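Asker: The following file, final_8.cif, comprises mmCIF, C-alpha atoms:
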data_start
loop_
_atom_site.group_PDB
_atom_site.id
_atom_site.type_symbol
_atom_site.label_atom_id
_atom_site.label_comp_id
_atom_site.auth_asym_id
_atom_site.auth_seq_id
_atom_site.Cartn_x
_atom_site.Cartn_y
_atom_site.Cartn_z
ATOM 1 C CA MET Z 18 -22.973 16.163 -0.490
ATOM 2 C CA PHE Z 19 -19.954 14.605 1.267
ATOM 3 C CA GLY Z 20 -22.057 13.178 4.074
ATOM 4 C CA SER Z 21 -20.575 15.092 6.930
ATOM 5 C CA MET Z 22 -21.180 18.570 5.521
ATOM 6 C CA ALA Z 23 -24.925 18.434 6.184
ATOM 7 C CA GLU Z 24 -24.941 21.005 8.963
ATOM 8 C CA SER Z 25 -23.285 23.731 6.894
ATOM 9 C CA THR Z 26 -25.026 27.003 7.749
ATOM 10 C CA GLY Z 27 -24.057 30.655 7.823
ATOM 11 C CA ILE Z 28 -20.651 31.939 8.911
ATOM 12 C CA LEU Z 29 -22.052 33.574 12.059
ATOM 13 C CA GLU Z 30 -23.862 30.397 13.022
ATOM 14 C CA GLY Z 31 -20.594 28.499 12.546
ATOM 15 C CA LEU Z 32 -18.739 30.939 14.797
ATOM 16 C CA LEU Z 33 -21.362 30.819 17.541
ATOM 17 C CA HIS Z 34 -21.933 27.068 17.479
ATOM 18 C CA PRO Z 35 -18.792 25.412 16.100
ATOM 19 C CA SER Z 36 -19.218 21.878 14.829
ATOM 20 C CA LEU Z 37 -17.753 18.835 16.514
ATOM 21 C CA TYR Z 38 -14.927 18.816 13.953
ATOM 22 C CA VAL Z 39 -13.879 22.352 14.803
ATOM 23 C CA LYS Z 40 -14.041 21.676 18.531
ATOM 24 C CA THR Z 41 -11.925 18.533 18.153
ATOM 25 C CA ALA Z 42 -9.458 20.471 15.999
ATOM 26 C CA TRP Z 43 -9.143 23.011 18.816
ATOM 27 C CA GLY Z 44 -8.584 20.130 21.198
ATOM 28 C CA VAL Z 45 -5.795 18.794 18.981
ATOM 29 C CA MET Z 46 -4.166 22.230 18.839
ATOM 30 C CA ALA Z 47 -4.415 22.606 22.623
ATOM 31 C CA PHE Z 48 -2.903 19.160 23.095
ATOM 32 C CA LEU Z 49 0.041 19.944 20.798
ATOM 33 C CA ALA Z 50 0.632 23.302 22.468
ATOM 34 C CA LEU Z 51 0.481 21.763 25.940
ATOM 35 C CA ILE Z 52 2.893 18.944 25.025
ATOM 36 C CA SER Z 53 5.315 21.442 23.480
ATOM 37 C CA TYR Z 54 5.109 23.695 26.531
ATOM 38 C CA LEU Z 55 5.639 20.866 29.012
ATOM 39 C CA GLY Z 56 8.487 19.421 26.939
ATOM 40 C CA THR Z 57 10.410 22.680 26.593
ATOM 41 C CA ARG Z 58 9.702 24.219 30.008
ATOM 42 C CA LYS Z 59 12.903 23.066 31.685
ATOM 43 C CA MET Z 60 15.267 22.291 28.836
ATOM 44 C CA GLU Z 61 18.397 20.373 29.675
ATOM 45 C CA ARG Z 62 21.571 19.718 27.788
ATOM 46 C CA VAL Z 63 21.061 15.990 28.160
ATOM 47 C CA PRO Z 64 17.351 15.516 27.451
ATOM 48 C CA ARG Z 65 15.189 13.307 29.638
ATOM 49 C CA GLY Z 66 11.583 12.193 29.509
ATOM 50 C CA LEU Z 67 9.221 14.289 27.402
ATOM 51 C CA GLN Z 68 11.950 16.550 26.082
ATOM 52 C CA ASN Z 69 13.751 13.477 24.796
ATOM 53 C CA ILE Z 70 10.651 12.259 22.908
ATOM 54 C CA LEU Z 71 10.011 15.692 21.391
ATOM 55 C CA GLU Z 72 13.623 16.081 20.307
ATOM 56 C CA MET Z 73 13.516 12.670 18.670
ATOM 57 C CA ALA Z 74 10.296 13.526 16.813
ATOM 58 C CA VAL Z 75 11.504 16.935 15.661
ATOM 59 C CA GLU Z 76 14.891 15.598 14.588
ATOM 60 C CA GLY Z 77 13.315 12.739 12.639
ATOM 61 C CA LEU Z 78 10.903 15.120 10.947
ATOM 62 C CA TYR Z 79 13.699 17.560 10.173
ATOM 63 C CA ASN Z 80 15.770 14.884 8.453
ATOM 64 C CA PHE Z 81 12.731 13.650 6.499
ATOM 65 C CA ILE Z 82 11.634 17.106 5.317
ATOM 66 C CA GLY Z 83 15.187 18.359 4.827
ATOM 67 C CA GLY Z 84 15.864 15.420 2.519
ATOM 68 C CA ILE Z 85 13.057 16.551 0.203
ATOM 69 C CA VAL Z 86 13.124 20.357 0.436
ATOM 70 C CA GLY Z 87 16.921 20.507 0.417
ATOM 71 C CA GLU Z 88 19.365 21.077 3.279
ATOM 72 C CA LYS Z 89 19.761 24.797 2.581
ATOM 73 C CA LYS Z 90 16.046 25.666 2.496
ATOM 74 C CA ALA Z 91 15.031 23.290 5.273
ATOM 75 C CA PRO Z 92 15.353 25.610 8.321
ATOM 76 C CA LYS Z 93 13.042 28.181 6.708
ATOM 77 C CA TYR Z 94 10.214 25.849 5.697
ATOM 78 C CA PHE Z 95 10.525 23.118 8.305
ATOM 79 C CA PRO Z 96 8.204 24.654 10.978
ATOM 80 C CA PHE Z 97 5.408 25.181 8.447
ATOM 81 C CA ILE Z 98 5.508 21.648 7.036
ATOM 82 C CA ALA Z 99 6.132 19.867 10.336
ATOM 83 C CA THR Z 100 3.087 21.548 11.877
ATOM 84 C CA PHE Z 101 0.926 19.974 9.193
ATOM 85 C CA PHE Z 102 2.375 16.573 9.996
ATOM 86 C CA LEU Z 103 1.795 16.835 13.743
ATOM 87 C CA PHE Z 104 -1.718 18.222 13.373
ATOM 88 C CA ILE Z 105 -2.792 15.587 10.841
ATOM 89 C CA LEU Z 106 -1.200 12.729 12.774
ATOM 90 C CA ILE Z 107 -2.901 13.612 16.060
ATOM 91 C CA SER Z 108 -6.176 14.341 14.241
ATOM 92 C CA ASN Z 109 -6.144 10.933 12.570
ATOM 93 C CA TYR Z 110 -5.403 9.212 15.851
ATOM 94 C CA ILE Z 111 -8.404 10.842 17.553
ATOM 95 C CA GLY Z 112 -10.463 8.168 15.801
ATOM 96 C CA LEU Z 113 -8.669 5.462 17.791
ATOM 97 C CA LEU Z 114 -9.857 6.818 21.143
ATOM 98 C CA PRO Z 115 -12.844 5.115 22.728
ATOM 99 C CA PHE Z 116 -16.314 6.598 21.986
ATOM 100 C CA ALA Z 117 -15.007 8.556 18.993
ATOM 101 C CA GLY Z 118 -17.663 9.015 16.344
ATOM 102 C CA HIS Z 119 -19.776 11.452 14.412
ATOM 103 C CA GLU Z 120 -22.251 11.749 17.288
ATOM 104 C CA GLY Z 121 -19.715 11.112 20.041
ATOM 105 C CA PRO Z 122 -17.766 13.522 22.220
ATOM 106 C CA TYR Z 123 -15.059 13.849 19.576
ATOM 107 C CA VAL Z 124 -14.410 12.909 15.969
ATOM 108 C CA PRO Z 125 -11.258 12.988 13.805
ATOM 109 C CA PRO Z 126 -11.233 16.485 12.260
ATOM 110 C CA THR Z 127 -9.638 15.018 9.131
ATOM 111 C CA SER Z 128 -12.709 12.860 8.466
ATOM 112 C CA THR Z 129 -14.558 15.809 6.935
ATOM 113 C CA ILE Z 130 -13.781 17.374 3.582
ATOM 114 C CA SER Z 131 -14.008 20.885 5.050
ATOM 115 C CA VAL Z 132 -10.941 20.465 7.273
ATOM 116 C CA THR Z 133 -8.812 18.613 4.714
ATOM 117 C CA ALA Z 134 -9.768 21.120 2.008
ATOM 118 C CA ALA Z 135 -8.736 23.959 4.321
ATOM 119 C CA LEU Z 136 -5.355 22.299 4.900
ATOM 120 C CA ALA Z 137 -4.870 21.672 1.172
ATOM 121 C CA ILE Z 138 -5.801 25.254 0.241
ATOM 122 C CA ILE Z 139 -3.300 26.578 2.791
ATOM 123 C CA VAL Z 140 -0.643 24.380 1.158
ATOM 124 C CA PHE Z 141 -1.631 25.637 -2.305
ATOM 125 C CA LEU Z 142 -1.490 29.332 -1.358
ATOM 126 C CA ALA Z 143 1.710 28.883 0.645
ATOM 127 C CA THR Z 144 3.412 27.148 -2.278
ATOM 128 C CA GLN Z 145 2.645 30.080 -4.591
ATOM 129 C CA PHE Z 146 3.616 32.613 -1.911
ATOM 130 C CA PHE Z 147 6.928 30.931 -1.058
ATOM 131 C CA GLY Z 148 7.737 30.546 -4.760
ATOM 132 C CA ILE Z 149 7.164 34.233 -5.479
ATOM 133 C CA ALA Z 150 8.905 35.352 -2.270
ATOM 134 C CA GLU Z 151 11.946 33.233 -3.101
ATOM 135 C CA LYS Z 152 12.315 33.877 -6.827
ATOM 136 C CA GLY Z 153 10.197 36.928 -7.649
ATOM 137 C CA LEU Z 154 8.760 36.943 -11.139
ATOM 138 C CA GLY Z 155 11.189 34.187 -12.048
ATOM 139 C CA TYR Z 156 8.816 31.828 -10.280
ATOM 140 C CA PHE Z 157 6.395 32.018 -13.182
ATOM 141 C CA LYS Z 158 9.085 30.848 -15.580
ATOM 142 C CA HIS Z 159 8.507 27.229 -14.651
ATOM 143 C CA PHE Z 160 4.926 27.533 -15.850
ATOM 144 C CA ILE Z 161 6.104 28.054 -19.427
ATOM 145 C CA THR Z 162 8.912 25.511 -19.516
ATOM 146 C CA PRO Z 163 9.712 23.722 -21.750
ATOM 147 C CA PHE Z 164 7.289 25.519 -24.115
ATOM 148 C CA ILE Z 165 4.664 28.229 -23.768
ATOM 149 C CA PHE Z 166 2.084 25.642 -24.863
ATOM 150 C CA MET Z 167 2.520 23.906 -21.534
ATOM 151 C CA LEU Z 168 0.978 26.863 -19.680
ATOM 152 C CA PRO Z 169 -2.612 25.519 -19.439
ATOM 153 C CA LEU Z 170 -1.364 22.090 -18.413
ATOM 154 C CA ASN Z 171 0.918 23.511 -15.726
ATOM 155 C CA ILE Z 172 -1.832 25.705 -14.307
ATOM 156 C CA LEU Z 173 -4.199 22.741 -14.305
ATOM 157 C CA GLU Z 174 -1.582 20.666 -12.476
ATOM 158 C CA GLN Z 175 -1.279 23.327 -9.774
ATOM 159 C CA LEU Z 176 -5.053 23.489 -9.344
ATOM 160 C CA VAL Z 177 -5.541 19.736 -9.199
ATOM 161 C CA ARG Z 178 -3.035 19.391 -6.356
ATOM 162 C CA PRO Z 179 -5.216 20.775 -3.526
ATOM 163 C CA LEU Z 180 -8.110 18.671 -4.802
ATOM 164 C CA SER Z 181 -6.158 15.419 -4.712
ATOM 165 C CA LEU Z 182 -4.473 16.304 -1.400
ATOM 166 C CA SER Z 183 -7.776 16.945 0.360
ATOM 167 C CA MET Z 184 -9.635 14.030 -1.245
ATOM 168 C CA ARG Z 185 -6.869 11.583 -0.345
ATOM 169 C CA LEU Z 186 -6.778 12.496 3.327
ATOM 170 C CA TYR Z 187 -10.556 12.798 3.702
ATOM 171 C CA GLY Z 188 -11.306 9.592 1.789
ATOM 172 C CA ASN Z 189 -8.812 7.503 3.717
ATOM 173 C CA ILE Z 190 -9.821 8.657 7.167
ATOM 174 C CA TYR Z 191 -13.566 8.819 6.529
ATOM 175 C CA GLY Z 192 -13.460 5.450 4.734
ATOM 176 C CA HIS Z 193 -11.608 3.926 7.654
ATOM 177 C CA GLU Z 194 -14.140 5.335 10.136
ATOM 178 C CA LEU Z 195 -16.954 3.915 8.036
ATOM 179 C CA VAL Z 196 -15.362 0.454 7.874
ATOM 180 C CA VAL Z 197 -14.815 0.387 11.640
ATOM 181 C CA GLY Z 198 -18.379 1.564 12.201
ATOM 182 C CA THR Z 199 -19.821 -1.093 9.901
ATOM 183 C CA PHE Z 200 -17.915 -3.906 11.563
ATOM 184 C CA MET Z 201 -18.780 -2.546 14.975
ATOM 185 C CA GLY Z 202 -22.418 -3.003 13.991
ATOM 186 C CA LEU Z 203 -21.842 -6.538 12.692
ATOM 187 C CA VAL Z 204 -19.489 -7.865 15.381
ATOM 188 C CA PRO Z 205 -19.191 -5.602 18.428
ATOM 189 C CA MET Z 206 -16.248 -7.529 19.907
ATOM 190 C CA LEU Z 207 -12.633 -8.169 18.846
ATOM 191 C CA ILE Z 208 -13.028 -7.761 15.063
ATOM 192 C CA PRO Z 209 -12.999 -3.917 15.160
ATOM 193 C CA VAL Z 210 -9.672 -4.155 16.998
ATOM 194 C CA VAL Z 211 -8.052 -5.489 13.816
ATOM 195 C CA PHE Z 212 -9.362 -2.542 11.829
ATOM 196 C CA ASN Z 213 -8.255 -0.119 14.504
ATOM 197 C CA LEU Z 214 -4.764 -1.606 14.277
ATOM 198 C CA LEU Z 215 -4.946 -0.943 10.548
ATOM 199 C CA GLY Z 216 -6.054 2.578 11.466
ATOM 200 C CA VAL Z 217 -2.792 3.162 13.351
ATOM 201 C CA LEU Z 218 -0.963 2.403 10.099
ATOM 202 C CA THR Z 219 -3.352 4.386 7.871
ATOM 203 C CA GLY Z 220 -3.258 7.452 10.110
ATOM 204 C CA ALA Z 221 0.539 7.583 10.158
ATOM 205 C CA ILE Z 222 0.917 6.837 6.439
ATOM 206 C CA GLN Z 223 -1.586 9.483 5.378
ATOM 207 C CA ALA Z 224 0.147 12.067 7.578
ATOM 208 C CA VAL Z 225 3.492 11.085 6.008
ATOM 209 C CA VAL Z 226 2.050 11.207 2.486
ATOM 210 C CA PHE Z 227 0.519 14.659 3.033
ATOM 211 C CA THR Z 228 3.812 15.947 4.441
ATOM 212 C CA LEU Z 229 5.838 14.323 1.669
ATOM 213 C CA LEU Z 230 3.719 15.914 -1.046
ATOM 214 C CA THR Z 231 3.659 19.302 0.687
ATOM 215 C CA SER Z 232 7.424 19.340 1.047
ATOM 216 C CA SER Z 233 7.958 18.257 -2.526
ATOM 217 C CA TYR Z 234 5.592 20.978 -3.806
ATOM 218 C CA ILE Z 235 7.296 23.648 -1.710
ATOM 219 C CA GLY Z 236 10.730 22.256 -2.518
ATOM 220 C CA GLU Z 237 9.925 22.434 -6.215
ATOM 221 C CA ALA Z 238 8.605 26.004 -5.925
ATOM 222 C CA VAL Z 239 11.646 27.380 -4.073
ATOM 223 C CA HIS Z 240 14.256 25.239 -5.818
ATOM 224 C CA ASP Z 241 17.363 27.092 -7.068
ATOM 225 C CA ASP Z 242 17.884 26.664 -10.794
ATOM 226 C CA HIS Z 243 21.573 27.566 -10.579
ATOM 227 C CA HIS Z 244 22.739 24.177 -9.385
ATOM 228 C CA MET J 22 -37.217 3.109 -4.669
ATOM 229 C CA SER J 23 -37.199 4.400 -8.170
ATOM 230 C CA LEU J 24 -35.209 3.366 -11.195
ATOM 231 C CA VAL J 25 -32.918 6.342 -10.669
ATOM 232 C CA ALA J 26 -32.029 5.201 -7.145
ATOM 233 C CA GLY J 27 -31.184 1.739 -8.467
ATOM 234 C CA LEU J 28 -28.983 3.170 -11.189
ATOM 235 C CA ILE J 29 -27.210 5.385 -8.641
ATOM 236 C CA ALA J 30 -26.554 2.343 -6.443
ATOM 237 C CA ILE J 31 -25.093 0.452 -9.402
ATOM 238 C CA GLY J 32 -22.963 3.450 -10.273
ATOM 239 C CA ALA J 33 -21.615 3.661 -6.724
ATOM 240 C CA GLY J 34 -20.753 -0.041 -6.807
ATOM 241 C CA ILE J 35 -18.972 0.310 -10.133
ATOM 242 C CA ALA J 36 -17.027 3.355 -8.919
ATOM 243 C CA VAL J 37 -15.426 1.419 -6.068
ATOM 244 C CA GLY J 38 -15.278 -2.003 -7.720
ATOM 245 C CA PHE J 39 -13.564 -1.033 -10.957
ATOM 246 C CA GLY J 40 -11.351 1.425 -9.147
ATOM 247 C CA ALA J 41 -10.182 -1.382 -6.885
ATOM 248 C CA ILE J 42 -9.124 -3.578 -9.833
ATOM 249 C CA GLY J 43 -6.472 -1.154 -11.029
ATOM 250 C CA SER J 44 -4.954 -0.370 -7.682
ATOM 251 C CA GLY J 45 -5.083 -4.067 -6.736
ATOM 252 C CA ILE J 46 -3.011 -4.999 -9.757
ATOM 253 C CA GLY J 47 -0.645 -2.095 -9.157
ATOM 254 C CA GLN J 48 -0.135 -2.937 -5.499
ATOM 255 C CA GLY J 49 0.452 -6.580 -6.348
ATOM 256 C CA ILE J 50 3.167 -5.726 -8.846
ATOM 257 C CA ALA J 51 4.829 -3.214 -6.504
ATOM 258 C CA ALA J 52 4.782 -5.563 -3.505
ATOM 259 C CA GLY J 53 6.069 -8.485 -5.582
ATOM 260 C CA LYS J 54 8.976 -6.458 -6.926
ATOM 261 C CA ALA J 55 9.778 -5.170 -3.438
ATOM 262 C CA PHE J 56 9.906 -8.711 -2.061
ATOM 263 C CA GLU J 57 12.137 -9.728 -4.942
ATOM 264 C CA ALA J 58 14.493 -6.890 -4.128
ATOM 265 C CA MET J 59 14.486 -7.814 -0.413
ATOM 266 C CA ALA J 60 15.191 -11.471 -1.182
ATOM 267 C CA ARG J 61 18.065 -10.571 -3.454
ATOM 268 C CA GLN J 62 19.568 -7.999 -1.099
ATOM 269 C CA PRO J 63 18.252 -8.410 2.466
ATOM 270 C CA GLU J 64 20.219 -5.413 3.805
ATOM 271 C CA VAL J 65 18.014 -2.887 1.930
ATOM 272 C CA ARG J 66 14.912 -4.208 3.682
ATOM 273 C CA GLY J 67 14.271 -1.117 5.816
ATOM 274 C CA THR J 68 14.567 1.373 2.965
ATOM 275 C CA VAL J 69 12.501 -0.704 0.570
ATOM 276 C CA GLN J 70 9.808 -1.192 3.201
ATOM 277 C CA THR J 71 9.420 2.542 3.814
ATOM 278 C CA PHE J 72 9.164 3.401 0.146
ATOM 279 C CA LEU J 73 6.895 0.431 -0.508
ATOM 280 C CA ILE J 74 4.389 1.568 2.109
ATOM 281 C CA ILE J 75 4.366 5.124 0.759
ATOM 282 C CA ALA J 76 3.959 3.854 -2.810
ATOM 283 C CA LEU J 77 1.125 1.554 -1.749
ATOM 284 C CA ALA J 78 -0.605 4.504 -0.073
ATOM 285 C CA PHE J 79 -0.471 6.424 -3.347
ATOM 286 C CA MET J 80 -2.003 3.514 -5.265
ATOM 287 C CA GLU J 81 -4.647 3.018 -2.633
ATOM 288 C CA THR J 82 -5.628 6.645 -3.082
ATOM 289 C CA LEU J 83 -7.004 5.862 -6.544
ATOM 290 C CA THR J 84 -9.509 3.451 -5.033
ATOM 291 C CA ILE J 85 -10.282 5.999 -2.337
ATOM 292 C CA TYR J 86 -11.207 8.505 -5.054
ATOM 293 C CA GLY J 87 -13.734 5.947 -6.269
ATOM 294 C CA LEU J 88 -14.965 5.554 -2.699
ATOM 295 C CA VAL J 89 -15.440 9.314 -2.356
ATOM 296 C CA ILE J 90 -17.462 9.331 -5.590
ATOM 297 C CA ALA J 91 -19.520 6.433 -4.242
ATOM 298 C CA PHE J 92 -20.260 8.380 -1.039
ATOM 299 C CA MET J 93 -21.355 11.368 -3.083
ATOM 300 C CA LEU J 94 -23.610 9.182 -5.227
ATOM 301 C CA LEU J 95 -25.165 7.467 -2.222
ATOM 302 C CA ASN J 96 -25.906 10.836 -0.641
ATOM 303 C CA LYS J 97 -27.701 11.835 -3.863
ATOM 304 C CA MET J 98 -29.919 8.779 -3.486
ATOM 305 C CA SER J 99 -31.627 9.700 -0.222
#
What would the structure in this file look like if it were written as structure tokens?

Answerer:
Amino acid sequence: MFGSMAESTGILEGLLHPSLYVKTAWGVMAFLALISYLGTRKMERVPRGLQNILEMAVEGLYNFIGGIVGEKKAPKYFPFIATFFLFILISNYIGLLPFAGHEGPYVPPTSTISVTAALAIIVFLATQFFGIAEKGLGYFKHFITPFIFMLPLNILEQLVRPLSLSMRLYGNIYGHELVVGTFMGLVPMLIPVVFNLLGVLTGAIQAVVFTLLTSSYIGEAVHDDHH
Amino acid sequence: MSLVAGLIAIGAGIAVGFGAIGSGIGQGIAAGKAFEAMARQPEVRGTVQTFLIIALAFMETLTIYGLVIAFMLLNKMS
């Protein structure tokens, strides 16, 4: 099932011999950590170079997420949501590097359902946790509004969210990889470049869509009813 | 190749093909309306463009669901 899940074995086996996806995910994390370290090592009042780029990215993300979650809640939930965006964006862009592929030295971690499902489940659990932490038992009130009859539907809606989140990301990235691979087999020159250009767009849009949905779910869960 | 494999292949084709019809129509309508809005009021171009791309990504997802189903079906075949 799901093509790329063929080598699923025991947990111990997975820990001892991590798959290419896991290794690439570690690479992405190391890259993000390194960039953050280098960018913030010698911080200046007037930013230059890498610090300037990072500040621009963080500020843009903050405005985007703050606009959805709400200005008041934004500082608390921004790091969590922005990390998803950065990780997914860099992961998607791994596929644009030369030699990337399912047998190659690296592969986009988001092109397997296991990674995207893990991300979506984290979002699901975090949404419930933040909701309860923010509002206590009052969080469960929105499950039974407007009527108690809506309870099954609301629960179903919550459970469908991680499914659609993970399927969307996995399908888009894996589908794109497949299209590029197919055309690479048909025409090895020039034509795949067009699809890779499309991949730049797809990778960014899917990262934005995942972040948008995550922030709207969390924003909805922690939203104040008083105003 | 058995009859079952053939039926699975047809099913995979239908999953993507029919899924594409709906999102194609939806994307066409959305893009047309966005262009109308841009033509009428060129200064909102940037905002409309951003929201248009996000909306198109959501519509495209419906076809992608069909694609995922098609992958699953094709894996059943071998």

Asker: The PyMOL selection byres ((chain J) within 6 of (chain Z)) - which residues does that actually catch in the file I just gave you? List them as a ChimeraX atom specification.

Answerer: /J:82,85,89,93

Asker: With the PyMOL selection byres ((chain Z and resi 137-152) around 6) as the selection, what would be picked from this file? Answer as a ChimeraX atom specification, please.

Answerer: /Z:134-136,153,155-156,179,182-183,235,238-239

Asker: Convert the output of the PyMOL selection byres ((chain J and resi 43) around 12) on the shown file into explicit residues, formatted as a list in words.

Answerer: Ala36, Val37, Gly38, Phe39, Gly40, Ala41, Ile42, Ser44, Gly45, Ile46, Gly47, Gln48, Gly49, Ile50, Met80, Glu81, Thr82, Leu83, Thr84, Ile85 and Gly87 of chain J

Asker: (7.9, -0.4, 3.2) in this file's frame - what residues fall within 12 Å of it? Use all atoms listed in the file and give the answer as a compact mmCIF listing (two decimals) with C-alpha atoms, in the coordinates of the input.

Answerer:
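Below you can see out_28.txt, which holds the result:
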# COMPACT_ATOMS: atom_id res chain seq x y z
CA LEU Z 218 -0.96 2.40 10.10
CA ILE Z 222 0.92 6.84 6.44
CA ALA J 51 4.83 -3.21 -6.50
CA ALA J 52 4.78 -5.56 -3.50
CA LYS J 54 8.98 -6.46 -6.93
CA ALA J 55 9.78 -5.17 -3.44
CA PHE J 56 9.91 -8.71 -2.06
CA ALA J 58 14.49 -6.89 -4.13
CA MET J 59 14.49 -7.81 -0.41
CA VAL J 65 18.01 -2.89 1.93
CA ARG J 66 14.91 -4.21 3.68
CA GLY J 67 14.27 -1.12 5.82
CA THR J 68 14.57 1.37 2.96
CA VAL J 69 12.50 -0.70 0.57
CA GLN J 70 9.81 -1.19 3.20
CA THR J 71 9.42 2.54 3.81
CA PHE J 72 9.16 3.40 0.15
CA LEU J 73 6.90 0.43 -0.51
CA ILE J 74 4.39 1.57 2.11
CA ILE J 75 4.37 5.12 0.76
CA ALA J 76 3.96 3.85 -2.81
CA LEU J 77 1.12 1.55 -1.75
CA ALA J 78 -0.60 4.50 -0.07

Asker: Taking only C-alpha atoms into account, which of Z:Phe227, Z:Phe200, Z:Phe97, Z:Tyr38 comes nearest Z:Gly121?

Answerer: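 Ranked by minimum distance to Z:Gly121, first place goes to Z:Tyr38.
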
Asker: So that all listed atoms of stretch 67-76 of chain J fit with 6 Å spare on each side, what axis-aligned box centre and edge lengths in Å, to one decimal, would you give as AutoDock Vina command-line options?

Answerer:
--center_x 9.3 --center_y 2.0 --center_z 1.5 --size_x 22.6 --size_y 18.3 --size_z 20.6

Asker: Measure the distance from atom CA of Z:Val132 to atom CA of J:Asn96 in Å and round it to one decimal.

Answerer: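 Result for atom CA of Z:Val132 versus atom CA of J:Asn96: 19.5 Å, one decimal.
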
Asker: Quick one: pull the distance between atom CA of Z:Gly220 and atom CA of Z:Asn109, Å, one decimal.

Answerer: 5.1 Å

Asker: Within 6 Å of (-23.7, 3.5, -3.7) (coordinates as in the file), grab all the protein and nucleic acid residues, counting all atoms listed in the file, and write them out as a list of chain:residue names.

Answerer: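 Counting all atoms listed in the file, I find these residues within 6 Å of (-23.7, 3.5, -3.7): J:Ala30, J:Ala33, J:Gly34, J:Ala91, J:Leu94, J:Leu95.
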
Asker: Would you save the residues from that selection as a PDB file, in the frame of the given file, using C-alpha atoms?

Answerer:
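Now in out-v2.pdb:
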ATOM      1  CA  ALA J  30     -26.554   2.343  -6.443  1.00  0.00           C
ATOM      2  CA  ALA J  33     -21.615   3.661  -6.724  1.00  0.00           C
ATOM      3  CA  GLY J  34     -20.753  -0.041  -6.807  1.00  0.00           C
ATOM      4  CA  ALA J  91     -19.520   6.433  -4.242  1.00  0.00           C
ATOM      5  CA  LEU J  94     -23.610   9.182  -5.227  1.00  0.00           C
ATOM      6  CA  LEU J  95     -25.165   7.467  -2.222  1.00  0.00           C
TER       7      LEU J  95
END
